[in-house]
Amino acid sequence: MYSVRDALKQDPEGTVRAVAQMGYQAVEFYAPYYEWTEIQAKQMRKLMDDLGLRSYSTHNDESYFGADKINRVRDLNLILGCKYVVLAWTDPKASVDGWKAVADKLNAAAETLEPAGLKPGYHNHQAEWAPVGGQRPMDILAKNTKSSVMLQLDVGTCLEGHADPVAWIRANPGRIRSIHCKEWSPDPAVGYKTLFGEGIADWKGIFQAAESVGGVEYYLVEQEGSRFPELETARRCLQAFRATHV
């Protein structure tokens, strides 16, 4: 839902209805959902059920994984029917130990979440592909987290970080359980504002690897913006996704 964030702020239920009407089958709420009351979360769940929508995961601030917030995160995600609680961002670390501490935080979250049927996940950005102490942070995280921790692949930032999404998927079988289908163009005037299918991503190769090796369970369209309004961008991206994912 980050792709339609302005519309979501103005009219949460109307925006969810709009993306369902486009044909989307799942949505992923991001950090502001934490401010919902239990009643609001239940209302959103009812709306999704009425529309035939699922929310398999949420995106969460790093602070939400702290002992003072993780239980509330767990409860809201259970109401929404989620499976994964994804750490959406952490400040880039300057050392291997810094990234190992992030892995420790994800493993600790698993101890709280897994008894309730939830699992933590990690969403990469471009910094995780730049070596620190001779190791890529994503490799550090993959090596030092439990296999139950989902490695949610953001394709666009992976490409900008000069990494190969297909090679990454194949190197981590069963752990790439969701993918943010975000494009990227090396043209600095375009970058992430490239519509799905108009950038440099090898989507057919990514889909093949994700489904044969990666263990992907669902795909999510993420768009930072484009030459079109938010909802029109979301519609065009879904249309292009369906034409490519055959």
# chains A, B, ... in the order shown; residues from 1 in each chain; ligands from 1

$ residues_around --residues "Leu118 in chain A" --least-positions-apart "5" --cutoff "12 Å" --atoms "only C-alpha atoms" --output "list of chain:residue names"
A:Tyr56, A:Ser57, A:Thr58, A:Ile70, A:Asn71, A:Val73, A:Arg74, A:Asp75, A:Leu76, A:Asn77, A:Leu78, A:Ile79, A:Leu80, A:Gly81, A:Cys82, A:Lys83, A:Tyr84, A:Val85, A:Val86, A:Ala109, A:Ala110, A:Glu111, A:Thr112, A:Leu113, A:Ser148, A:Val149, A:Met150

$ select_by_dssp --residues "chain A" --states "alpha helix (DSSP H)" --output "JSON, numbers by chain"
{"A": [5, 6, 7, 8, 9, 10, 12, 13, 14, 15, 16, 17, 18, 19, 20, 21, 22, 38, 39, 40, 41, 42, 43, 44, 45, 46, 47, 48, 49, 50, 51, 70, 71, 72, 73, 74, 75, 76, 77, 78, 79, 80, 96, 97, 98, 99, 100, 101, 102, 103, 104, 105, 106, 107, 108, 109, 110, 111, 112, 113, 137, 138, 139, 140, 141, 142, 143, 144, 155, 156, 157, 158, 159, 160, 165, 166, 167, 168, 169, 170, 171, 203, 204, 205, 206, 207, 208, 209, 230, 231, 232, 233, 234, 235, 236, 237, 238, 239, 240, 241, 242, 243, 244]}

$ select_by_dssp --residues "range 13-187 of chain A" --states "strand (DSSP E)" --output "MDAnalysis selection string"
chainID A and resid 57:60 84:87 119:123 150:154 178:181

$ residues_around --residues "range 31-39 of chain A" --least-positions-apart "2" --cutoff "8 Å" --atoms "only C-alpha atoms" --output "PDB file with N, CA and C atoms, in the first residue's frame"
ATOM      1  N   PHE A  29       0.303  -3.577   4.269  1.00  0.00           N
ATOM      2  CA  PHE A  29       0.253  -2.292   4.966  1.00  0.00           C
ATOM      3  C   PHE A  29       1.639  -1.976   5.517  1.00  0.00           C
ATOM      4  N   ALA A  41      -8.351  -2.079  13.102  1.00  0.00           N
ATOM      5  CA  ALA A  41      -7.735  -3.236  12.458  1.00  0.00           C
ATOM      6  C   ALA A  41      -8.786  -4.280  12.103  1.00  0.00           C
ATOM      7  N   LYS A  42      -9.738  -4.485  13.002  1.00  0.00           N
ATOM      8  CA  LYS A  42     -10.806  -5.456  12.727  1.00  0.00           C
ATOM      9  C   LYS A  42     -11.714  -4.985  11.599  1.00  0.00           C
ATOM     10  N   GLN A  43     -11.945  -3.676  11.528  1.00  0.00           N
ATOM     11  CA  GLN A  43     -12.755  -3.130  10.433  1.00  0.00           C
ATOM     12  C   GLN A  43     -12.050  -3.327   9.094  1.00  0.00           C
ATOM     13  N   THR A  58       3.158  -7.257   6.814  1.00  0.00           N
ATOM     14  CA  THR A  58       3.186  -5.814   7.035  1.00  0.00           C
ATOM     15  C   THR A  58       4.643  -5.364   7.033  1.00  0.00           C
ATOM     16  N   HIS A  59       4.828  -4.069   6.736  1.00  0.00           N
ATOM     17  CA  HIS A  59       6.154  -3.453   6.846  1.00  0.00           C
ATOM     18  C   HIS A  59       6.211  -2.663   8.141  1.00  0.00           C
ATOM     19  N   ASN A  60       7.330  -2.800   8.844  1.00  0.00           N
ATOM     20  CA  ASN A  60       7.425  -2.282  10.202  1.00  0.00           C
ATOM     21  C   ASN A  60       8.716  -1.521  10.447  1.00  0.00           C
ATOM     22  N   ASP A  61       8.615  -0.443  11.230  1.00  0.00           N
ATOM     23  CA  ASP A  61       9.797   0.289  11.663  1.00  0.00           C
ATOM     24  C   ASP A  61      10.633  -0.596  12.583  1.00  0.00           C
ATOM     25  N   VAL A  73       2.438  -5.386  17.855  1.00  0.00           N
ATOM     26  CA  VAL A  73       2.633  -5.730  16.441  1.00  0.00           C
ATOM     27  C   VAL A  73       2.080  -7.126  16.167  1.00  0.00           C
ATOM     28  N   LEU A  76      -1.842  -7.031  16.198  1.00  0.00           N
ATOM     29  CA  LEU A  76      -2.435  -6.377  15.027  1.00  0.00           C
ATOM     30  C   LEU A  76      -2.277  -7.247  13.780  1.00  0.00           C
TER      31      LEU A  76
END

$ closest_residue --among "A:Trp129, A:Trp99, A:Tyr64, A:Tyr218" --to "His180 in chain A" --atoms "only C-alpha atoms"
A:Tyr218

$ closest_residue --among "A:Gly174, A:Leu231, A:Val166, A:Ala240" --to "Gly205 in chain A" --atoms "only C-alpha atoms"
A:Val166

$ residues_around --residues "range 8-13 of chain A" --least-positions-apart "4" --cutoff "8 Å" --atoms "only C-alpha atoms" --output "VMD selection string"
chain A and resid 1 4 17 44 47

$ residues_around --residues "Arg170 in chain A" --least-positions-apart "6" --cutoff "12 Å" --atoms "only C-alpha atoms" --output "JSON, numbers by chain"
{"A": [164, 176, 205, 206, 207, 208, 209, 210, 211, 212, 213, 214, 215, 216]}

$ write_last_selection --atoms "N, CA and C atoms" --output "PDB file, in the first residue's frame"
ATOM      1  N   ASP A 164      22.705  -9.212  -8.478  1.00  0.00           N
ATOM      2  CA  ASP A 164      21.927 -10.012  -9.419  1.00  0.00           C
ATOM      3  C   ASP A 164      20.776 -10.689  -8.664  1.00  0.00           C
ATOM      4  N   ILE A 176      13.167 -16.815  -0.020  1.00  0.00           N
ATOM      5  CA  ILE A 176      12.671 -15.611  -0.707  1.00  0.00           C
ATOM      6  C   ILE A 176      11.162 -15.760  -0.858  1.00  0.00           C
ATOM      7  N   GLY A 205      13.164 -14.281 -15.656  1.00  0.00           N
ATOM      8  CA  GLY A 205      14.191 -15.028 -14.936  1.00  0.00           C
ATOM      9  C   GLY A 205      13.965 -15.001 -13.433  1.00  0.00           C
ATOM     10  N   ILE A 206      13.540 -13.845 -12.925  1.00  0.00           N
ATOM     11  CA  ILE A 206      13.259 -13.703 -11.491  1.00  0.00           C
ATOM     12  C   ILE A 206      12.096 -14.602 -11.084  1.00  0.00           C
ATOM     13  N   PHE A 207      11.022 -14.581 -11.856  1.00  0.00           N
ATOM     14  CA  PHE A 207       9.855 -15.407 -11.534  1.00  0.00           C
ATOM     15  C   PHE A 207      10.225 -16.891 -11.578  1.00  0.00           C
ATOM     16  N   GLN A 208      11.005 -17.279 -12.591  1.00  0.00           N
ATOM     17  CA  GLN A 208      11.367 -18.689 -12.729  1.00  0.00           C
ATOM     18  C   GLN A 208      12.194 -19.147 -11.527  1.00  0.00           C
ATOM     19  N   ALA A 209      13.168 -18.336 -11.122  1.00  0.00           N
ATOM     20  CA  ALA A 209      14.009 -18.690  -9.983  1.00  0.00           C
ATOM     21  C   ALA A 209      13.209 -18.687  -8.682  1.00  0.00           C
ATOM     22  N   ALA A 210      12.354 -17.683  -8.519  1.00  0.00           N
ATOM     23  CA  ALA A 210      11.566 -17.563  -7.293  1.00  0.00           C
ATOM     24  C   ALA A 210      10.636 -18.749  -7.104  1.00  0.00           C
ATOM     25  N   GLU A 211      10.054 -19.217  -8.191  1.00  0.00           N
ATOM     26  CA  GLU A 211       9.060 -20.282  -8.105  1.00  0.00           C
ATOM     27  C   GLU A 211       9.679 -21.680  -8.124  1.00  0.00           C
ATOM     28  N   SER A 212      10.875 -21.815  -8.683  1.00  0.00           N
ATOM     29  CA  SER A 212      11.504 -23.138  -8.731  1.00  0.00           C
ATOM     30  C   SER A 212      12.446 -23.368  -7.554  1.00  0.00           C
ATOM     31  N   VAL A 213      13.004 -22.282  -7.003  1.00  0.00           N
ATOM     32  CA  VAL A 213      14.015 -22.415  -5.961  1.00  0.00           C
ATOM     33  C   VAL A 213      13.717 -21.552  -4.723  1.00  0.00           C
ATOM     34  N   GLY A 214      13.262 -20.334  -4.951  1.00  0.00           N
ATOM     35  CA  GLY A 214      13.174 -19.349  -3.882  1.00  0.00           C
ATOM     36  C   GLY A 214      12.104 -19.587  -2.840  1.00  0.00           C
ATOM     37  N   GLY A 215      11.086 -20.371  -3.182  1.00  0.00           N
ATOM     38  CA  GLY A 215      10.003 -20.617  -2.238  1.00  0.00           C
ATOM     39  C   GLY A 215       9.001 -19.485  -2.165  1.00  0.00           C
ATOM     40  N   VAL A 216       8.906 -18.682  -3.234  1.00  0.00           N
ATOM     41  CA  VAL A 216       8.025 -17.511  -3.203  1.00  0.00           C
ATOM     42  C   VAL A 216       6.567 -17.924  -2.982  1.00  0.00           C
TER      43      VAL A 216
END

$ closest_residue --among "A:Asn144, A:His125, A:Glu230, A:Met48" --to "Asp6 in chain A" --atoms "only C-alpha atoms"
A:Glu230

$ closest_atom_pairs --of "range 88-186 of chain A" --to "range 233-238 of chain A" --cutoff "10 Å" --atoms "only C-alpha atoms" --output "CSV"
residue,atom,partner,partner_atom,distance
A:Cys181,CA,A:Cys237,CA,9.3
A:Lys182,CA,A:Cys237,CA,9.5
A:Glu183,CA,A:Cys237,CA,9.9

$ decode --residues "range 170-216 of chain A" --atoms "N, CA and C atoms" --output "PDB file, in the first residue's frame"
ATOM      1  N   ARG A 170      18.701 -17.872  -6.079  1.00  0.00           N
ATOM      2  CA  ARG A 170      19.220 -19.237  -6.182  1.00  0.00           C
ATOM      3  C   ARG A 170      20.184 -19.580  -5.041  1.00  0.00           C
ATOM      4  N   ALA A 171      20.821 -18.558  -4.470  1.00  0.00           N
ATOM      5  CA  ALA A 171      21.757 -18.792  -3.367  1.00  0.00           C
ATOM      6  C   ALA A 171      21.046 -18.971  -2.028  1.00  0.00           C
ATOM      7  N   ASN A 172      19.736 -18.668  -1.994  1.00  0.00           N
ATOM      8  CA  ASN A 172      18.983 -18.733  -0.737  1.00  0.00           C
ATOM      9  C   ASN A 172      17.669 -19.490  -0.934  1.00  0.00           C
ATOM     10  N   PRO A 173      17.753 -20.764  -1.276  1.00  0.00           N
ATOM     11  CA  PRO A 173      16.548 -21.541  -1.559  1.00  0.00           C
ATOM     12  C   PRO A 173      15.574 -21.568  -0.387  1.00  0.00           C
ATOM     13  N   GLY A 174      14.315 -21.362  -0.714  1.00  0.00           N
ATOM     14  CA  GLY A 174      13.252 -21.449   0.283  1.00  0.00           C
ATOM     15  C   GLY A 174      13.081 -20.239   1.167  1.00  0.00           C
ATOM     16  N   ARG A 175      13.930 -19.220   1.010  1.00  0.00           N
ATOM     17  CA  ARG A 175      13.869 -18.085   1.936  1.00  0.00           C
ATOM     18  C   ARG A 175      13.325 -16.814   1.308  1.00  0.00           C
ATOM     19  N   ILE A 176      13.167 -16.815  -0.020  1.00  0.00           N
ATOM     20  CA  ILE A 176      12.671 -15.611  -0.707  1.00  0.00           C
ATOM     21  C   ILE A 176      11.162 -15.760  -0.858  1.00  0.00           C
ATOM     22  N   ARG A 177      10.459 -15.712   0.269  1.00  0.00           N
ATOM     23  CA  ARG A 177       9.050 -16.090   0.255  1.00  0.00           C
ATOM     24  C   ARG A 177       8.113 -14.974  -0.224  1.00  0.00           C
ATOM     25  N   SER A 178       8.659 -13.784  -0.400  1.00  0.00           N
ATOM     26  CA  SER A 178       7.896 -12.728  -1.078  1.00  0.00           C
ATOM     27  C   SER A 178       8.864 -11.800  -1.782  1.00  0.00           C
ATOM     28  N   ILE A 179       8.364 -11.150  -2.826  1.00  0.00           N
ATOM     29  CA  ILE A 179       9.190 -10.262  -3.648  1.00  0.00           C
ATOM     30  C   ILE A 179       8.455  -8.957  -3.879  1.00  0.00           C
ATOM     31  N   HIS A 180       9.152  -7.846  -3.668  1.00  0.00           N
ATOM     32  CA  HIS A 180       8.639  -6.538  -4.060  1.00  0.00           C
ATOM     33  C   HIS A 180       9.037  -6.311  -5.510  1.00  0.00           C
ATOM     34  N   CYS A 181       8.040  -6.331  -6.371  1.00  0.00           N
ATOM     35  CA  CYS A 181       8.281  -6.173  -7.808  1.00  0.00           C
ATOM     36  C   CYS A 181       8.426  -4.690  -8.134  1.00  0.00           C
ATOM     37  N   LYS A 182       9.594  -4.166  -7.786  1.00  0.00           N
ATOM     38  CA  LYS A 182       9.907  -2.764  -8.054  1.00  0.00           C
ATOM     39  C   LYS A 182      10.955  -2.700  -9.151  1.00  0.00           C
ATOM     40  N   GLU A 183      10.697  -1.891 -10.146  1.00  0.00           N
ATOM     41  CA  GLU A 183      11.612  -1.726 -11.264  1.00  0.00           C
ATOM     42  C   GLU A 183      12.708  -0.723 -10.931  1.00  0.00           C
ATOM     43  N   TRP A 184      13.716  -0.676 -11.797  1.00  0.00           N
ATOM     44  CA  TRP A 184      14.759   0.327 -11.683  1.00  0.00           C
ATOM     45  C   TRP A 184      15.341   0.609 -13.061  1.00  0.00           C
ATOM     46  N   SER A 185      15.606   1.876 -13.301  1.00  0.00           N
ATOM     47  CA  SER A 185      16.271   2.295 -14.536  1.00  0.00           C
ATOM     48  C   SER A 185      17.583   2.973 -14.181  1.00  0.00           C
ATOM     49  N   PRO A 186      18.655   2.683 -14.914  1.00  0.00           N
ATOM     50  CA  PRO A 186      19.926   3.366 -14.656  1.00  0.00           C
ATOM     51  C   PRO A 186      19.904   4.839 -15.055  1.00  0.00           C
ATOM     52  N   ASP A 187      18.849   5.254 -15.742  1.00  0.00           N
ATOM     53  CA  ASP A 187      18.692   6.668 -16.101  1.00  0.00           C
ATOM     54  C   ASP A 187      18.388   7.450 -14.824  1.00  0.00           C
ATOM     55  N   PRO A 188      19.295   8.336 -14.387  1.00  0.00           N
ATOM     56  CA  PRO A 188      19.072   9.051 -13.124  1.00  0.00           C
ATOM     57  C   PRO A 188      17.818   9.921 -13.121  1.00  0.00           C
ATOM     58  N   ALA A 189      17.307  10.250 -14.278  1.00  0.00           N
ATOM     59  CA  ALA A 189      16.085  11.045 -14.349  1.00  0.00           C
ATOM     60  C   ALA A 189      14.836  10.191 -14.110  1.00  0.00           C
ATOM     61  N   VAL A 190      15.020   8.879 -14.116  1.00  0.00           N
ATOM     62  CA  VAL A 190      13.880   7.960 -13.967  1.00  0.00           C
ATOM     63  C   VAL A 190      14.006   7.122 -12.693  1.00  0.00           C
ATOM     64  N   GLY A 191      15.104   6.359 -12.574  1.00  0.00           N
ATOM     65  CA  GLY A 191      15.337   5.554 -11.371  1.00  0.00           C
ATOM     66  C   GLY A 191      14.184   4.641 -11.028  1.00  0.00           C
ATOM     67  N   TYR A 192      13.645   4.801  -9.811  1.00  0.00           N
ATOM     68  CA  TYR A 192      12.554   3.950  -9.334  1.00  0.00           C
ATOM     69  C   TYR A 192      11.195   4.351  -9.892  1.00  0.00           C
ATOM     70  N   LYS A 193      11.128   5.435 -10.620  1.00  0.00           N
ATOM     71  CA  LYS A 193       9.836   5.859 -11.164  1.00  0.00           C
ATOM     72  C   LYS A 193       9.524   5.174 -12.492  1.00  0.00           C
ATOM     73  N   THR A 194      10.288   4.155 -12.784  1.00  0.00           N
ATOM     74  CA  THR A 194      10.048   3.320 -13.955  1.00  0.00           C
ATOM     75  C   THR A 194       8.867   2.389 -13.676  1.00  0.00           C
ATOM     76  N   LEU A 195       7.951   2.301 -14.597  1.00  0.00           N
ATOM     77  CA  LEU A 195       6.838   1.365 -14.430  1.00  0.00           C
ATOM     78  C   LEU A 195       7.327  -0.074 -14.567  1.00  0.00           C
ATOM     79  N   PHE A 196       6.609  -0.990 -13.946  1.00  0.00           N
ATOM     80  CA  PHE A 196       6.938  -2.407 -14.048  1.00  0.00           C
ATOM     81  C   PHE A 196       7.086  -2.789 -15.525  1.00  0.00           C
ATOM     82  N   GLY A 197       8.190  -3.458 -15.842  1.00  0.00           N
ATOM     83  CA  GLY A 197       8.422  -3.913 -17.207  1.00  0.00           C
ATOM     84  C   GLY A 197       9.151  -2.925 -18.090  1.00  0.00           C
ATOM     85  N   GLU A 198       9.359  -1.705 -17.604  1.00  0.00           N
ATOM     86  CA  GLU A 198      10.020  -0.687 -18.417  1.00  0.00           C
ATOM     87  C   GLU A 198      11.461  -0.439 -17.977  1.00  0.00           C
ATOM     88  N   GLY A 199      11.916  -1.145 -16.930  1.00  0.00           N
ATOM     89  CA  GLY A 199      13.276  -0.982 -16.446  1.00  0.00           C
ATOM     90  C   GLY A 199      14.173  -2.092 -16.944  1.00  0.00           C
ATOM     91  N   ILE A 200      15.179  -2.447 -16.134  1.00  0.00           N
ATOM     92  CA  ILE A 200      16.164  -3.437 -16.582  1.00  0.00           C
ATOM     93  C   ILE A 200      16.006  -4.799 -15.910  1.00  0.00           C
ATOM     94  N   ALA A 201      15.009  -4.965 -15.074  1.00  0.00           N
ATOM     95  CA  ALA A 201      14.825  -6.247 -14.380  1.00  0.00           C
ATOM     96  C   ALA A 201      14.472  -7.367 -15.353  1.00  0.00           C
ATOM     97  N   ASP A 202      15.068  -8.524 -15.143  1.00  0.00           N
ATOM     98  CA  ASP A 202      14.760  -9.728 -15.915  1.00  0.00           C
ATOM     99  C   ASP A 202      13.628 -10.460 -15.194  1.00  0.00           C
ATOM    100  N   TRP A 203      12.402  -9.988 -15.410  1.00  0.00           N
ATOM    101  CA  TRP A 203      11.293 -10.516 -14.622  1.00  0.00           C
ATOM    102  C   TRP A 203      11.028 -11.991 -14.883  1.00  0.00           C
ATOM    103  N   LYS A 204      11.130 -12.420 -16.116  1.00  0.00           N
ATOM    104  CA  LYS A 204      10.881 -13.837 -16.384  1.00  0.00           C
ATOM    105  C   LYS A 204      11.900 -14.716 -15.662  1.00  0.00           C
ATOM    106  N   GLY A 205      13.164 -14.281 -15.656  1.00  0.00           N
ATOM    107  CA  GLY A 205      14.191 -15.028 -14.936  1.00  0.00           C
ATOM    108  C   GLY A 205      13.965 -15.001 -13.433  1.00  0.00           C
ATOM    109  N   ILE A 206      13.540 -13.845 -12.925  1.00  0.00           N
ATOM    110  CA  ILE A 206      13.259 -13.703 -11.491  1.00  0.00           C
ATOM    111  C   ILE A 206      12.096 -14.602 -11.084  1.00  0.00           C
ATOM    112  N   PHE A 207      11.022 -14.581 -11.856  1.00  0.00           N
ATOM    113  CA  PHE A 207       9.855 -15.407 -11.534  1.00  0.00           C
ATOM    114  C   PHE A 207      10.225 -16.891 -11.578  1.00  0.00           C
ATOM    115  N   GLN A 208      11.005 -17.279 -12.591  1.00  0.00           N
ATOM    116  CA  GLN A 208      11.367 -18.689 -12.729  1.00  0.00           C
ATOM    117  C   GLN A 208      12.194 -19.147 -11.527  1.00  0.00           C
ATOM    118  N   ALA A 209      13.168 -18.336 -11.122  1.00  0.00           N
ATOM    119  CA  ALA A 209      14.009 -18.690  -9.983  1.00  0.00           C
ATOM    120  C   ALA A 209      13.209 -18.687  -8.682  1.00  0.00           C
ATOM    121  N   ALA A 210      12.354 -17.683  -8.519  1.00  0.00           N
ATOM    122  CA  ALA A 210      11.566 -17.563  -7.293  1.00  0.00           C
ATOM    123  C   ALA A 210      10.636 -18.749  -7.104  1.00  0.00           C
ATOM    124  N   GLU A 211      10.054 -19.217  -8.191  1.00  0.00           N
ATOM    125  CA  GLU A 211       9.060 -20.282  -8.105  1.00  0.00           C
ATOM    126  C   GLU A 211       9.679 -21.680  -8.124  1.00  0.00           C
ATOM    127  N   SER A 212      10.875 -21.815  -8.683  1.00  0.00           N
ATOM    128  CA  SER A 212      11.504 -23.138  -8.731  1.00  0.00           C
ATOM    129  C   SER A 212      12.446 -23.368  -7.554  1.00  0.00           C
ATOM    130  N   VAL A 213      13.004 -22.282  -7.003  1.00  0.00           N
ATOM    131  CA  VAL A 213      14.015 -22.415  -5.961  1.00  0.00           C
ATOM    132  C   VAL A 213      13.717 -21.552  -4.723  1.00  0.00           C
ATOM    133  N   GLY A 214      13.262 -20.334  -4.951  1.00  0.00           N
ATOM    134  CA  GLY A 214      13.174 -19.349  -3.882  1.00  0.00           C
ATOM    135  C   GLY A 214      12.104 -19.587  -2.840  1.00  0.00           C
ATOM    136  N   GLY A 215      11.086 -20.371  -3.182  1.00  0.00           N
ATOM    137  CA  GLY A 215      10.003 -20.617  -2.238  1.00  0.00           C
ATOM    138  C   GLY A 215       9.001 -19.485  -2.165  1.00  0.00           C
ATOM    139  N   VAL A 216       8.906 -18.682  -3.234  1.00  0.00           N
ATOM    140  CA  VAL A 216       8.025 -17.511  -3.203  1.00  0.00           C
ATOM    141  C   VAL A 216       6.567 -17.924  -2.982  1.00  0.00           C
TER     142      VAL A 216
END
